[in-house]
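Asks: Dropping in work-v5.pdb, with PDB, C-alpha atoms.
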```
ATOM      1  CA  MET A 139     128.997 193.248 353.425
ATOM      2  CA  GLY A 140     129.235 192.852 349.687
ATOM      3  CA  VAL A 141     129.344 190.226 346.948
ATOM      4  CA  ALA A 142     130.457 190.829 343.363
ATOM      5  CA  GLY A 143     130.857 188.670 340.281
ATOM      6  CA  PHE A 144     131.996 189.713 336.816
ATOM      7  CA  TYR A 145     131.448 188.700 333.177
ATOM      8  CA  GLY A 146     128.746 186.195 334.028
ATOM      9  CA  GLN A 147     127.252 184.277 331.085
ATOM     10  CA  ASP A 148     124.931 183.928 332.838
ATOM     11  CA  GLN A 149     126.775 183.146 336.096
ATOM     12  CA  PRO A 150     130.374 184.198 336.841
ATOM     13  CA  GLN A 151     133.039 181.584 337.422
ATOM     14  CA  GLN A 152     134.283 183.413 340.497
ATOM     15  CA  TRP A 153     132.724 185.592 343.193
ATOM     16  CA  ARG A 154     134.377 188.300 345.309
ATOM     17  CA  LEU A 155     133.215 188.552 348.912
ATOM     18  CA  LEU A 156     133.872 191.634 351.024
ATOM     19  CA  ALA A 157     133.794 191.196 354.796
ATOM     20  CA  VAL A 158     134.743 193.198 357.870
ATOM     21  CA  ASP A 159     136.049 192.227 361.287
ATOM     22  CA  THR A 160     133.909 194.141 363.789
ATOM     23  CA  ARG A 161     136.933 194.399 366.057
ATOM     24  CA  VAL A 162     138.792 196.373 363.343
ATOM     25  CA  PRO A 163     135.982 198.046 361.332
ATOM     26  CA  ASN A 164     138.297 199.994 359.035
ATOM     27  CA  LEU A 165     140.064 196.830 357.852
ATOM     28  CA  LEU A 166     138.290 195.067 354.992
ATOM     29  CA  ASN A 167     138.820 191.484 353.905
ATOM     30  CA  GLU A 168     138.229 190.373 350.328
ATOM     31  CA  TYR A 169     137.951 186.701 349.362
ATOM     32  CA  ALA A 170     137.845 185.167 345.900
ATOM     33  CA  MET A 171     135.473 182.199 345.861
ATOM     34  CA  GLN A 172     135.228 179.533 343.189
ATOM     35  CA  ALA A 173     133.324 176.240 343.353
ATOM     36  CA  GLY A 174     132.635 176.902 347.026
ATOM     37  CA  LYS A 175     136.319 177.311 347.922
ATOM     38  CA  ILE A 176     138.501 180.310 348.786
ATOM     39  CA  VAL A 177     141.076 180.646 346.003
ATOM     40  CA  GLY A 178     142.534 184.047 346.958
ATOM     41  CA  GLU A 179     142.300 186.772 349.551
ATOM     42  CA  ARG A 180     143.565 190.227 350.458
ATOM     43  CA  HIS A 181     143.149 192.676 353.318
ATOM     44  CA  PHE A 182     143.115 196.458 352.987
ATOM     45  CA  SER A 183     141.990 199.640 354.717
ATOM     46  CA  ARG A 184     138.958 201.591 353.585
ATOM     47  CA  ARG A 185     139.629 204.978 351.972
ATOM     48  CA  PRO A 186     137.186 207.893 352.405
ATOM     49  CA  ASP A 187     136.695 208.279 348.628
ATOM     50  CA  GLU A 188     135.704 204.640 348.027
ATOM     51  CA  ASP A 189     132.089 203.624 347.489
ATOM     52  CA  LEU A 190     132.403 200.315 349.305
ATOM     53  CA  PRO A 191     129.625 198.539 351.217
ATOM     54  CA  SER A 192     129.381 199.431 354.886
ATOM     55  CA  ILE A 193     126.250 197.552 355.990
ATOM     56  CA  VAL A 194     126.331 193.838 356.738
ATOM     57  CA  ILE A 195     123.952 191.865 354.494
ATOM     58  CA  PRO A 196     121.279 190.120 356.584
ATOM     59  CA  LEU A 197     121.453 186.676 354.982
ATOM     60  CA  GLY A 198     118.163 185.658 356.549
ATOM     61  CA  ASN A 199     116.416 188.194 354.305
ATOM     62  CA  LEU A 200     117.946 186.914 351.075
ATOM     63  CA  ARG A 201     115.205 185.361 348.904
ATOM     64  CA  ILE A 202     116.433 186.046 345.355
ATOM     65  CA  ASP A 203     119.598 184.223 344.329
ATOM     66  CA  SER A 204     121.874 185.118 341.420
ATOM     67  CA  PRO A 205     120.169 182.895 338.777
ATOM     68  CA  GLN A 206     116.819 184.433 339.698
ATOM     69  CA  ALA A 207     118.321 187.929 339.567
ATOM     70  CA  PHE A 208     119.676 187.177 336.091
ATOM     71  CA  ALA A 209     116.297 185.915 334.906
ATOM     72  CA  ILE A 210     114.602 189.133 336.063
ATOM     73  CA  ALA A 211     117.287 191.353 334.511
ATOM     74  CA  ASN A 212     117.204 189.387 331.257
ATOM     75  CA  GLU A 213     113.445 189.766 330.992
ATOM     76  CA  ASN A 214     113.687 193.509 331.682
ATOM     77  CA  ALA A 215     116.311 193.829 328.938
ATOM     78  CA  ARG A 216     114.137 191.842 326.524
ATOM     79  CA  ARG A 217     111.203 194.148 327.150
ATOM     80  CA  ALA A 218     113.420 197.214 326.705
ATOM     81  CA  GLY A 219     114.943 195.822 323.501
ATOM     82  CA  VAL A 220     118.502 196.008 324.856
ATOM     83  CA  GLY A 221     121.009 193.287 323.966
ATOM     84  CA  PHE A 222     124.009 192.379 326.114
ATOM     85  CA  ASP A 223     126.831 189.856 326.228
ATOM     86  CA  SER A 224     127.642 189.374 329.908
ATOM     87  CA  VAL A 225     126.672 190.530 333.385
ATOM     88  CA  HIS A 226     128.410 192.105 336.370
ATOM     89  CA  TYR A 227     126.709 191.291 339.672
ATOM     90  CA  GLN A 228     126.763 193.106 342.991
ATOM     91  CA  LEU A 229     124.865 192.302 346.148
ATOM     92  CA  ARG A 230     124.867 194.933 348.868
ATOM     93  CA  CYS A 231     122.628 196.840 351.258
ATOM     94  CA  ARG A 232     121.876 200.279 349.900
ATOM     95  CA  ASP A 233     120.617 201.997 353.049
ATOM     96  CA  LEU A 234     120.002 201.593 356.756
ATOM     97  CA  ARG A 235     116.839 199.586 356.122
ATOM     98  CA  LYS A 236     119.260 196.711 355.498
ATOM     99  CA  GLU A 237     117.437 195.573 352.382
ATOM    100  CA  PRO A 238     119.835 193.561 350.210
ATOM    101  CA  VAL A 239     119.812 194.767 346.599
ATOM    102  CA  TRP A 240     121.180 193.174 343.454
ATOM    103  CA  VAL A 241     122.899 195.690 341.185
ATOM    104  CA  ILE A 242     123.006 194.085 337.733
ATOM    105  CA  ASN A 243     125.238 195.734 335.146
ATOM    106  CA  LEU A 244     124.678 194.572 331.575
ATOM    107  CA  ILE A 245     127.837 194.539 329.422
ATOM    108  CA  ASP A 246     128.044 194.412 325.625
ATOM    109  CA  GLN A 247     130.650 192.719 323.429
ATOM    110  CA  GLN A 248     132.856 195.828 323.601
ATOM    111  CA  GLN A 249     132.803 195.476 327.417
ATOM    112  CA  ASN A 250     130.813 198.692 327.764
ATOM    113  CA  THR A 251     127.770 199.065 329.975
ATOM    114  CA  VAL A 252     124.384 199.134 328.253
ATOM    115  CA  GLY A 253     122.251 199.172 331.373
ATOM    116  CA  VAL A 254     122.124 198.939 335.157
ATOM    117  CA  GLN A 255     119.282 197.384 337.090
ATOM    118  CA  TYR A 256     118.534 197.489 340.810
ATOM    119  CA  LEU A 257     116.557 194.505 342.079
ATOM    120  CA  SER A 258     115.304 193.752 345.573
ATOM    121  CA  ALA A 259     116.978 190.566 346.800
ATOM    122  CA  ILE A 260     113.956 190.044 349.061
ATOM    123  CA  THR A 261     111.018 190.402 346.664
ATOM    124  CA  GLY A 262     112.626 190.438 343.211
ATOM    125  CA  GLU A 263     111.028 193.812 342.486
ATOM    126  CA  THR A 264     112.831 195.964 339.935
ATOM    127  CA  LEU A 265     113.594 199.093 341.922
ATOM    128  CA  ARG A 266     115.236 200.993 339.072
ATOM    129  CA  SER A 267     116.442 200.450 335.506
ATOM    130  CA  VAL A 268     118.854 202.714 333.622
ATOM    131  CA  TRP A 269     119.542 202.028 329.939
ATOM    132  CA  HIS A 270     122.547 203.194 327.883
ATOM    133  CA  ARG A 271     121.686 202.141 324.349
ATOM    134  CA  PRO A 272     124.590 201.876 321.866
ATOM    135  CA  GLY A 273     124.645 204.722 319.378
ATOM    136  CA  THR A 274     123.268 207.268 321.832
ATOM    137  CA  GLN A 275     125.144 210.157 323.426
ATOM    138  CA  GLU A 276     124.398 208.689 326.848
ATOM    139  CA  TYR A 277     126.152 205.449 325.893
ATOM    140  CA  SER A 278     129.218 207.394 324.721
ATOM    141  CA  ASN A 279     129.289 209.606 327.825
ATOM    142  CA  VAL A 280     128.920 206.785 330.342
ATOM    143  CA  ASN A 281     131.561 204.590 328.673
ATOM    144  CA  ALA A 282     134.091 207.338 327.936
ATOM    145  CA  PRO A 283     137.512 206.975 329.646
ATOM    146  CA  ASP A 284     136.498 209.666 332.143
ATOM    147  CA  GLY A 285     132.843 208.565 332.260
ATOM    148  CA  ILE A 286     131.085 207.344 335.359
ATOM    149  CA  PHE A 287     131.339 203.651 334.400
ATOM    150  CA  ASN A 288     135.126 203.794 334.174
ATOM    151  CA  LYS A 289     135.501 206.111 337.164
ATOM    152  CA  LEU A 290     133.711 203.557 339.295
ATOM    153  CA  GLY A 291     135.332 200.626 337.549
ATOM    154  CA  LYS A 292     137.731 199.991 340.410
ATOM    155  CA  THR A 293     135.164 199.931 343.188
ATOM    156  CA  ILE A 294     132.182 197.871 344.139
ATOM    157  CA  GLY A 295     130.005 200.923 343.464
ATOM    158  CA  ASP A 296     126.797 201.232 341.451
ATOM    159  CA  ALA A 297     128.452 200.913 338.035
ATOM    160  CA  GLY A 298     129.701 197.374 338.569
ATOM    161  CA  GLY A 299     133.407 197.824 339.183
ATOM    162  CA  SER A 300     135.799 195.357 340.745
ATOM    163  CA  ILE A 301     137.304 195.834 344.173
ATOM    164  CA  ALA A 302     139.775 193.180 343.128
ATOM    165  CA  LYS A 303     141.507 195.474 340.626
ATOM    166  CA  LYS A 304     142.912 197.794 343.291
ATOM    167  CA  SER A 305     145.714 195.436 344.242
ATOM    168  CA  PRO A 306     146.496 191.802 343.531
ATOM    169  CA  LEU A 307     144.972 189.085 345.641
ATOM    170  CA  LYS A 308     147.401 186.863 347.458
ATOM    171  CA  LYS A 309     146.932 183.156 347.227
ATOM    172  CA  SER A 310     145.297 181.472 350.177
ATOM    173  CA  ASN A 311     146.385 178.145 351.598
ATOM    174  CA  ALA A 312     143.479 176.551 349.748
ATOM    175  CA  LYS A 313     144.153 174.852 346.427
ATOM    176  CA  THR A 314     143.810 177.452 343.693
ATOM    177  CA  VAL A 315     141.573 176.671 340.728
ATOM    178  CA  PRO A 316     142.730 178.562 337.595
ATOM    179  CA  VAL A 317     140.133 180.938 336.164
ATOM    180  CA  PRO A 318     139.986 180.859 332.338
ATOM    181  CA  ASN A 319     140.538 184.141 330.541
ATOM    182  CA  TYR A 320     137.347 185.834 329.427
ATOM    183  CA  HIS A 321     136.696 185.455 325.719
ATOM    184  CA  PRO A 322     133.987 187.742 324.284
ATOM    185  CA  GLN A 323     131.111 185.872 322.698
ATOM    186  CA  PRO A 324     128.797 187.118 319.928
ATOM    187  CA  THR A 325     126.335 189.561 321.423
ATOM    188  CA  ARG A 326     122.951 188.032 322.117
ATOM    189  CA  THR A 327     119.851 190.217 321.849
ATOM    190  CA  PRO A 328     119.017 189.658 324.599
ATOM    191  CA  VAL A 329     120.868 186.875 326.407
ATOM    192  CA  GLN A 330     118.689 183.842 326.961
ATOM    193  CA  THR A 331     117.951 182.795 330.527
ATOM    194  CA  GLY A 332     120.117 179.891 331.640
ATOM    195  CA  SER A 333     122.900 180.423 329.106
ATOM    196  CA  GLU A 334     126.184 178.580 329.470
ATOM    197  CA  SER A 335     129.501 179.991 330.692
ATOM    198  CA  SER A 336     131.925 181.607 328.238
ATOM    199  CA  ASP A 337     133.742 178.399 327.339
ATOM    200  CA  GLY A 338     130.648 176.247 327.208
ATOM    201  CA  ASP A 339     131.313 174.289 330.400
ATOM    202  CA  SER A 340     129.434 174.294 333.689
ATOM    203  CA  THR A 341     132.069 175.812 335.965
ATOM    204  CA  SER A 342     130.084 178.945 336.752
ATOM    205  CA  THR A 343     128.893 179.360 340.312
ATOM    206  CA  THR A 344     125.869 180.999 341.848
ATOM    207  CA  VAL A 345     124.945 182.950 344.939
ATOM    208  CA  LYS A 346     122.220 180.916 346.587
ATOM    209  CA  LYS A 347     119.283 182.262 348.506
ATOM    210  CA  VAL A 348     118.693 181.299 352.121
ATOM    211  CA  VAL A 349     116.081 178.554 352.337
ATOM    212  CA  HIS A 350     113.741 178.802 355.278
ATOM    213  CA  PRO A 351     111.918 175.773 356.627
TER     214      PRO A 351
END
```
Have the structure of the file written as structure tokens, please.

Replies:
Amino acid sequence: MGVAGFYGQDQPQQWRLLAVDTRVPNLLNEYAMQAGKIVGERHFSRRPDEDLPSIVIPLGNLRIDSPQAFAIANENARRAGVGFDSVHYQLRCRDLRKEPVWVINLIDQQQNTVGVQYLSAITGETLRSVWHRPGTQEYSNVNAPDGIFNKLGKTIGDAGGSIAKKSPLKKSNAKTVPVPNYHPQPTRTPVQTGSESSDGDSTSTTVKKVVHP
């Protein structure tokens, strides 16, 4: 139902997948994926106040993968003159039309949001862009402790929060690959397409599109 990745430069080292068992629709299953393997998981019940995905993503409709989504978002930021340091990704269906949408949250060196972009995962069209330029009142309001970015920071909602922060993931039986701590890098204005991961290696992973014959 949902995919999320955090602090991508340009791709995150780990993805969070949210799934549901149709036999128990109120029970959600979250899996941490790294290098194509499950490295952690947890299971929890949906609460009424949580903005969590509820529509299954039709994988056959997925045409835009995460590197392509980054390239589009990076170009939009370049045109808008907005610099950023890393990216939060979300992939979810926004309405009953079952159109998968990438929600790309651009994060600066202070780990504040400077913009959110909504991209069609079918066509790559930019559906909506919202900019929060540093030094503006909007930037201060959105990133305040009680602002919308931090209020939604513990969900997989529009502001790019992490469902993983609600409670710790338990280790799966699969071999766990340690995830390096995030180290802020100098802010790029904007980030260049195809940039390396935070420690300069190639351990980042991508969400691939479905290839049709």

Asks: Got a sec: who's within 8 Å of segment 275-285 of chain A, counting only C-alpha atoms, leaving out chain neighbours fewer than 4 positions off, as a PDB file with C-alpha atoms, keeping the file's coordinate frame?

Replies:
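Result saved to result-v5.pdb:
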```
ATOM      1  CA  ASN A 250     130.813 198.692 327.764  1.00  0.00           C
ATOM      2  CA  THR A 251     127.770 199.065 329.975  1.00  0.00           C
ATOM      3  CA  VAL A 252     124.384 199.134 328.253  1.00  0.00           C
ATOM      4  CA  HIS A 270     122.547 203.194 327.883  1.00  0.00           C
ATOM      5  CA  ARG A 271     121.686 202.141 324.349  1.00  0.00           C
ATOM      6  CA  LYS A 289     135.501 206.111 337.164  1.00  0.00           C
TER       7      LYS A 289
END
```

Asks: If I put a ball of radius 9 Å at (116.5, 196.3, 335.3) in the file's coordinates, which residues poke into it when counting all atoms listed in the file, written as a PyMOL selection string?

Replies: chain A and resi 210-215+241-243+253-257+264-269

Asks: Env of Lys236 of chain A: 12 Å cut, atoms = only C-alpha atoms, seq-sep filter 3 positions within chain, self excluded. Answer as a list in words.

Replies: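 So the residues in contact are Met139, Pro191, Ser192, Ile193, Val194, Ile195, Pro196, Leu197, Gly198, Asn199, Leu200, Leu229, Arg230, Cys231, Arg232, Asp233, Val239, Ser258, Ala259 and Ile260 of chain A.
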
Asks: Can you tell me, as a list in words, which residues sit within 8 Å of (129.7, 188.1, 338.6) in the file's frame, using only C-alpha atoms?

Replies: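 Looking at atoms near the point gives Ala142, Gly143, Phe144, Tyr145, Gly146, Gln149, Pro150, Gln151, Gln152, Trp153, Val225, His226, Tyr227 and Gln228 of chain A.
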
Asks: Which of these residues is nearest to Leu166 of chain A, using all atoms listed in the file: A:Gly140, A:Pro238, A:Pro205, A:Gly273?

Replies: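 Using all atoms listed in the file, the shortest distance to Leu166 of chain A belongs to A:Gly140.
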
Asks: One decimal, in Å: what's the spacing between atom CA of Gln147 of chain A and atom CA of Val177 of chain A?

Replies: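 Interatomic distance here is 20.7 Å.
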
Asks: Separation of atom CA of Ile202 of chain A and atom CA of Asn164 of chain A, in Å?

Replies: 29.3 Å

Asks: Between atom CA of Met171 of chain A and atom CA of Asp148 of chain A, what is the distance in Å, rounded to a tenth?

Replies: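 Spanning atom CA of Met171 of chain A to atom CA of Asp148 of chain A is a straight-line distance of 16.8 Å.
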